[in-house]
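File shown: protein.pdb. Contents: PDB, C-alpha atoms, pLDDT in the B column.
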ATOM      1  CA  MET A   1      33.612 -69.562  14.745  1.00 53.00           C
ATOM      2  CA  SER A   2      37.270 -69.677  15.634  1.00 55.00           C
ATOM      3  CA  ALA A   3      38.760 -68.002  18.679  1.00 54.00           C
ATOM      4  CA  SER A   4      40.356 -64.596  18.312  1.00 56.00           C
ATOM      5  CA  PRO A   5      44.181 -64.430  18.183  1.00 54.00           C
ATOM      6  CA  ILE A   6      44.286 -63.015  21.694  1.00 56.00           C
ATOM      7  CA  GLU A   7      42.196 -65.810  23.181  1.00 56.00           C
ATOM      8  CA  SER A   8      44.103 -68.520  21.312  1.00 55.00           C
ATOM      9  CA  ALA A   9      47.427 -67.200  22.623  1.00 69.00           C
ATOM     10  CA  GLY A  10      46.468 -68.299  26.135  1.00 72.00           C
ATOM     11  CA  ARG A  11      46.096 -64.810  27.534  1.00 75.00           C
ATOM     12  CA  PRO A  12      43.303 -64.178  30.029  1.00 76.00           C
ATOM     13  CA  THR A  13      40.257 -62.378  28.698  1.00 90.00           C
ATOM     14  CA  VAL A  14      38.960 -59.258  30.389  1.00 89.00           C
ATOM     15  CA  SER A  15      35.336 -58.247  30.396  1.00 92.00           C
ATOM     16  CA  GLU A  16      34.239 -54.782  29.364  1.00 92.00           C
ATOM     17  CA  ARG A  17      33.090 -54.106  32.931  1.00 93.00           C
ATOM     18  CA  GLU A  18      36.500 -55.001  34.369  1.00 93.00           C
ATOM     19  CA  ALA A  19      38.253 -52.856  31.781  1.00 92.00           C
ATOM     20  CA  ARG A  20      36.031 -49.886  32.620  1.00 93.00           C
ATOM     21  CA  GLN A  21      36.678 -50.327  36.354  1.00 93.00           C
ATOM     22  CA  VAL A  22      40.444 -50.265  35.775  1.00 92.00           C
ATOM     23  CA  ALA A  23      40.177 -47.208  33.527  1.00 91.00           C
ATOM     24  CA  GLU A  24      38.018 -45.312  36.035  1.00 91.00           C
ATOM     25  CA  ALA A  25      40.366 -46.187  38.904  1.00 90.00           C
ATOM     26  CA  ALA A  26      43.325 -44.845  36.897  1.00 89.00           C
ATOM     27  CA  ARG A  27      41.584 -41.594  36.017  1.00 85.00           C
ATOM     28  CA  GLU A  28      42.993 -38.472  37.605  1.00 78.00           C
ATOM     29  CA  GLN A  29      40.660 -37.433  40.416  1.00 78.00           C
ATOM     30  CA  GLU A  30      41.828 -33.856  40.822  1.00 79.00           C
ATOM     31  CA  TRP A  31      43.115 -31.536  38.112  1.00 75.00           C
ATOM     32  CA  ARG A  32      46.060 -29.411  39.166  1.00 80.00           C
ATOM     33  CA  LYS A  33      45.948 -27.111  36.143  1.00 79.00           C
ATOM     34  CA  PRO A  34      43.340 -26.489  33.472  1.00 87.00           C
ATOM     35  CA  SER A  35      44.006 -27.662  29.934  1.00 90.00           C
ATOM     36  CA  PHE A  36      45.344 -25.008  27.565  1.00 92.00           C
ATOM     37  CA  ALA A  37      43.439 -26.563  24.639  1.00 93.00           C
ATOM     38  CA  LYS A  38      40.166 -26.684  26.558  1.00 93.00           C
ATOM     39  CA  GLU A  39      40.525 -23.083  27.694  1.00 94.00           C
ATOM     40  CA  LEU A  40      41.317 -22.024  24.117  1.00 96.00           C
ATOM     41  CA  PHE A  41      38.255 -23.887  22.838  1.00 96.00           C
ATOM     42  CA  LEU A  42      36.135 -22.036  25.400  1.00 95.00           C
ATOM     43  CA  GLY A  43      37.491 -18.729  24.104  1.00 96.00           C
ATOM     44  CA  ARG A  44      39.951 -18.065  26.903  1.00 95.00           C
ATOM     45  CA  PHE A  45      43.588 -17.605  25.838  1.00 95.00           C
ATOM     46  CA  ARG A  46      45.549 -18.664  28.924  1.00 93.00           C
ATOM     47  CA  LEU A  47      49.146 -17.887  28.005  1.00 92.00           C
ATOM     48  CA  ASP A  48      50.179 -18.532  31.598  1.00 89.00           C
ATOM     49  CA  LEU A  49      49.499 -22.247  31.067  1.00 87.00           C
ATOM     50  CA  ILE A  50      52.162 -22.584  28.357  1.00 87.00           C
ATOM     51  CA  HIS A  51      54.602 -19.704  28.816  1.00 88.00           C
ATOM     52  CA  PRO A  52      57.238 -19.938  30.076  1.00 86.00           C
ATOM     53  CA  HIS A  53      57.475 -23.537  28.955  1.00 79.00           C
ATOM     54  CA  PRO A  54      57.512 -25.720  32.091  1.00 71.00           C
ATOM     55  CA  THR A  55      60.836 -27.431  32.704  1.00 81.00           C
ATOM     56  CA  PRO A  56      60.688 -31.134  33.531  1.00 84.00           C
ATOM     57  CA  PRO A  57      62.090 -32.321  36.846  1.00 87.00           C
ATOM     58  CA  PRO A  58      65.660 -33.691  36.669  1.00 87.00           C
TER
END
As structure tokens, please, write out the structure in this file.
Amino acid sequence: MSASPIESAGRPTVSEREARQVAEAAREQEWRKPSFAKELFLGRFRLDLIHPHPTPPP
């Protein structure tokens, strides 16, 4: 079998375990606000999460 295009380009390969460790380390540990979509799915209409529309910082 031939090497994949990524491996043949000289880039380092990453194992699945290493990729999972990086993803878990980047995951948000504490949620500041609940998700509007999740709350809606659970049958709770939380208008306060989307109205008034939050303004981004300058």
Distance of atom CA of A:Gln21 from atom CA of A:Lys33, expressed in Å to one decimal place: 25.0 Å
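Taking atom CA of A:Pro34 and atom CA of A:Pro57 as endpoints, the distance between them is 19.9 Å.
In this structure, atom CA of A:Asp48 sits 13.9 Å away from atom CA of A:Arg32.
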N, CA and C atoms are needed for stretch 11-45 of chain A; please write them out as a PDB file, in the coordinates of the input.
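Once written, result_15.pdb looks like this:
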ATOM      1  N   ARG A  11      46.184 -65.964  26.635  1.00 75.00           N
ATOM      2  CA  ARG A  11      46.096 -64.810  27.534  1.00 75.00           C
ATOM      3  C   ARG A  11      44.715 -64.761  28.168  1.00 75.00           C
ATOM      4  N   PRO A  12      44.621 -64.279  29.393  1.00 76.00           N
ATOM      5  CA  PRO A  12      43.303 -64.178  30.029  1.00 76.00           C
ATOM      6  C   PRO A  12      42.446 -63.117  29.339  1.00 76.00           C
ATOM      7  N   THR A  13      41.166 -63.358  29.277  1.00 90.00           N
ATOM      8  CA  THR A  13      40.257 -62.378  28.698  1.00 90.00           C
ATOM      9  C   THR A  13      39.741 -61.470  29.802  1.00 90.00           C
ATOM     10  N   VAL A  14      39.448 -60.251  29.442  1.00 89.00           N
ATOM     11  CA  VAL A  14      38.960 -59.258  30.389  1.00 89.00           C
ATOM     12  C   VAL A  14      37.612 -58.775  29.892  1.00 89.00           C
ATOM     13  N   SER A  15      36.655 -58.718  30.799  1.00 92.00           N
ATOM     14  CA  SER A  15      35.336 -58.247  30.396  1.00 92.00           C
ATOM     15  C   SER A  15      35.346 -56.731  30.245  1.00 92.00           C
ATOM     16  N   GLU A  16      34.355 -56.229  29.547  1.00 92.00           N
ATOM     17  CA  GLU A  16      34.239 -54.782  29.364  1.00 92.00           C
ATOM     18  C   GLU A  16      34.078 -54.085  30.710  1.00 92.00           C
ATOM     19  N   ARG A  17      33.315 -54.696  31.604  1.00 93.00           N
ATOM     20  CA  ARG A  17      33.090 -54.106  32.931  1.00 93.00           C
ATOM     21  C   ARG A  17      34.399 -53.986  33.710  1.00 93.00           C
ATOM     22  N   GLU A  18      35.214 -55.044  33.670  1.00 93.00           N
ATOM     23  CA  GLU A  18      36.500 -55.001  34.369  1.00 93.00           C
ATOM     24  C   GLU A  18      37.420 -53.952  33.765  1.00 93.00           C
ATOM     25  N   ALA A  19      37.418 -53.851  32.450  1.00 92.00           N
ATOM     26  CA  ALA A  19      38.253 -52.856  31.781  1.00 92.00           C
ATOM     27  C   ALA A  19      37.828 -51.440  32.161  1.00 92.00           C
ATOM     28  N   ARG A  20      36.523 -51.213  32.224  1.00 93.00           N
ATOM     29  CA  ARG A  20      36.031 -49.886  32.620  1.00 93.00           C
ATOM     30  C   ARG A  20      36.397 -49.560  34.068  1.00 93.00           C
ATOM     31  N   GLN A  21      36.323 -50.552  34.950  1.00 93.00           N
ATOM     32  CA  GLN A  21      36.678 -50.327  36.354  1.00 93.00           C
ATOM     33  C   GLN A  21      38.145 -49.929  36.478  1.00 93.00           C
ATOM     34  N   VAL A  22      39.016 -50.598  35.738  1.00 92.00           N
ATOM     35  CA  VAL A  22      40.444 -50.265  35.775  1.00 92.00           C
ATOM     36  C   VAL A  22      40.674 -48.863  35.229  1.00 92.00           C
ATOM     37  N   ALA A  23      40.011 -48.531  34.130  1.00 91.00           N
ATOM     38  CA  ALA A  23      40.177 -47.208  33.527  1.00 91.00           C
ATOM     39  C   ALA A  23      39.689 -46.112  34.465  1.00 91.00           C
ATOM     40  N   GLU A  24      38.546 -46.319  35.110  1.00 91.00           N
ATOM     41  CA  GLU A  24      38.018 -45.312  36.035  1.00 91.00           C
ATOM     42  C   GLU A  24      38.911 -45.163  37.266  1.00 91.00           C
ATOM     43  N   ALA A  25      39.476 -46.253  37.740  1.00 90.00           N
ATOM     44  CA  ALA A  25      40.366 -46.187  38.904  1.00 90.00           C
ATOM     45  C   ALA A  25      41.650 -45.436  38.570  1.00 90.00           C
ATOM     46  N   ALA A  26      42.091 -45.509  37.306  1.00 89.00           N
ATOM     47  CA  ALA A  26      43.325 -44.845  36.897  1.00 89.00           C
ATOM     48  C   ALA A  26      43.119 -43.380  36.558  1.00 89.00           C
ATOM     49  N   ARG A  27      41.871 -42.975  36.412  1.00 85.00           N
ATOM     50  CA  ARG A  27      41.584 -41.594  36.017  1.00 85.00           C
ATOM     51  C   ARG A  27      42.021 -40.621  37.105  1.00 85.00           C
ATOM     52  N   GLU A  28      42.553 -39.503  36.673  1.00 78.00           N
ATOM     53  CA  GLU A  28      42.993 -38.472  37.605  1.00 78.00           C
ATOM     54  C   GLU A  28      41.763 -37.902  38.319  1.00 78.00           C
ATOM     55  N   GLN A  29      41.807 -37.875  39.635  1.00 78.00           N
ATOM     56  CA  GLN A  29      40.660 -37.433  40.416  1.00 78.00           C
ATOM     57  C   GLN A  29      40.615 -35.919  40.588  1.00 78.00           C
ATOM     58  N   GLU A  30      41.763 -35.300  40.606  1.00 79.00           N
ATOM     59  CA  GLU A  30      41.828 -33.856  40.822  1.00 79.00           C
ATOM     60  C   GLU A  30      42.761 -33.232  39.791  1.00 79.00           C
ATOM     61  N   TRP A  31      42.297 -32.216  39.110  1.00 75.00           N
ATOM     62  CA  TRP A  31      43.115 -31.536  38.112  1.00 75.00           C
ATOM     63  C   TRP A  31      43.908 -30.428  38.792  1.00 75.00           C
ATOM     64  N   ARG A  32      45.209 -30.444  38.573  1.00 80.00           N
ATOM     65  CA  ARG A  32      46.060 -29.411  39.166  1.00 80.00           C
ATOM     66  C   ARG A  32      46.042 -28.128  38.340  1.00 80.00           C
ATOM     67  N   LYS A  33      45.978 -28.276  37.031  1.00 79.00           N
ATOM     68  CA  LYS A  33      45.948 -27.111  36.143  1.00 79.00           C
ATOM     69  C   LYS A  33      44.914 -27.357  35.063  1.00 79.00           C
ATOM     70  N   PRO A  34      44.276 -26.311  34.587  1.00 87.00           N
ATOM     71  CA  PRO A  34      43.340 -26.489  33.472  1.00 87.00           C
ATOM     72  C   PRO A  34      44.100 -26.776  32.180  1.00 87.00           C
ATOM     73  N   SER A  35      43.416 -27.343  31.230  1.00 90.00           N
ATOM     74  CA  SER A  35      44.006 -27.662  29.934  1.00 90.00           C
ATOM     75  C   SER A  35      44.051 -26.418  29.059  1.00 90.00           C
ATOM     76  N   PHE A  36      45.213 -26.155  28.460  1.00 92.00           N
ATOM     77  CA  PHE A  36      45.344 -25.008  27.565  1.00 92.00           C
ATOM     78  C   PHE A  36      44.385 -25.145  26.392  1.00 92.00           C
ATOM     79  N   ALA A  37      44.299 -26.351  25.800  1.00 93.00           N
ATOM     80  CA  ALA A  37      43.439 -26.563  24.639  1.00 93.00           C
ATOM     81  C   ALA A  37      41.970 -26.361  24.997  1.00 93.00           C
ATOM     82  N   LYS A  38      41.559 -26.850  26.148  1.00 93.00           N
ATOM     83  CA  LYS A  38      40.166 -26.684  26.558  1.00 93.00           C
ATOM     84  C   LYS A  38      39.842 -25.210  26.778  1.00 93.00           C
ATOM     85  N   GLU A  39      40.736 -24.515  27.453  1.00 94.00           N
ATOM     86  CA  GLU A  39      40.525 -23.083  27.694  1.00 94.00           C
ATOM     87  C   GLU A  39      40.461 -22.313  26.376  1.00 94.00           C
ATOM     88  N   LEU A  40      41.321 -22.681  25.421  1.00 96.00           N
ATOM     89  CA  LEU A  40      41.317 -22.024  24.117  1.00 96.00           C
ATOM     90  C   LEU A  40      40.000 -22.298  23.384  1.00 96.00           C
ATOM     91  N   PHE A  41      39.526 -23.529  23.460  1.00 96.00           N
ATOM     92  CA  PHE A  41      38.255 -23.887  22.838  1.00 96.00           C
ATOM     93  C   PHE A  41      37.107 -23.083  23.437  1.00 96.00           C
ATOM     94  N   LEU A  42      37.180 -22.797  24.730  1.00 95.00           N
ATOM     95  CA  LEU A  42      36.135 -22.036  25.400  1.00 95.00           C
ATOM     96  C   LEU A  42      36.292 -20.526  25.202  1.00 95.00           C
ATOM     97  N   GLY A  43      37.313 -20.140  24.419  1.00 96.00           N
ATOM     98  CA  GLY A  43      37.491 -18.729  24.104  1.00 96.00           C
ATOM     99  C   GLY A  43      38.359 -17.978  25.083  1.00 96.00           C
ATOM    100  N   ARG A  44      39.069 -18.706  25.923  1.00 95.00           N
ATOM    101  CA  ARG A  44      39.951 -18.065  26.903  1.00 95.00           C
ATOM    102  C   ARG A  44      41.396 -18.409  26.566  1.00 95.00           C
ATOM    103  N   PHE A  45      42.178 -17.402  26.179  1.00 95.00           N
ATOM    104  CA  PHE A  45      43.588 -17.605  25.838  1.00 95.00           C
ATOM    105  C   PHE A  45      44.417 -17.493  27.100  1.00 95.00           C
TER     106      PHE A  45
END
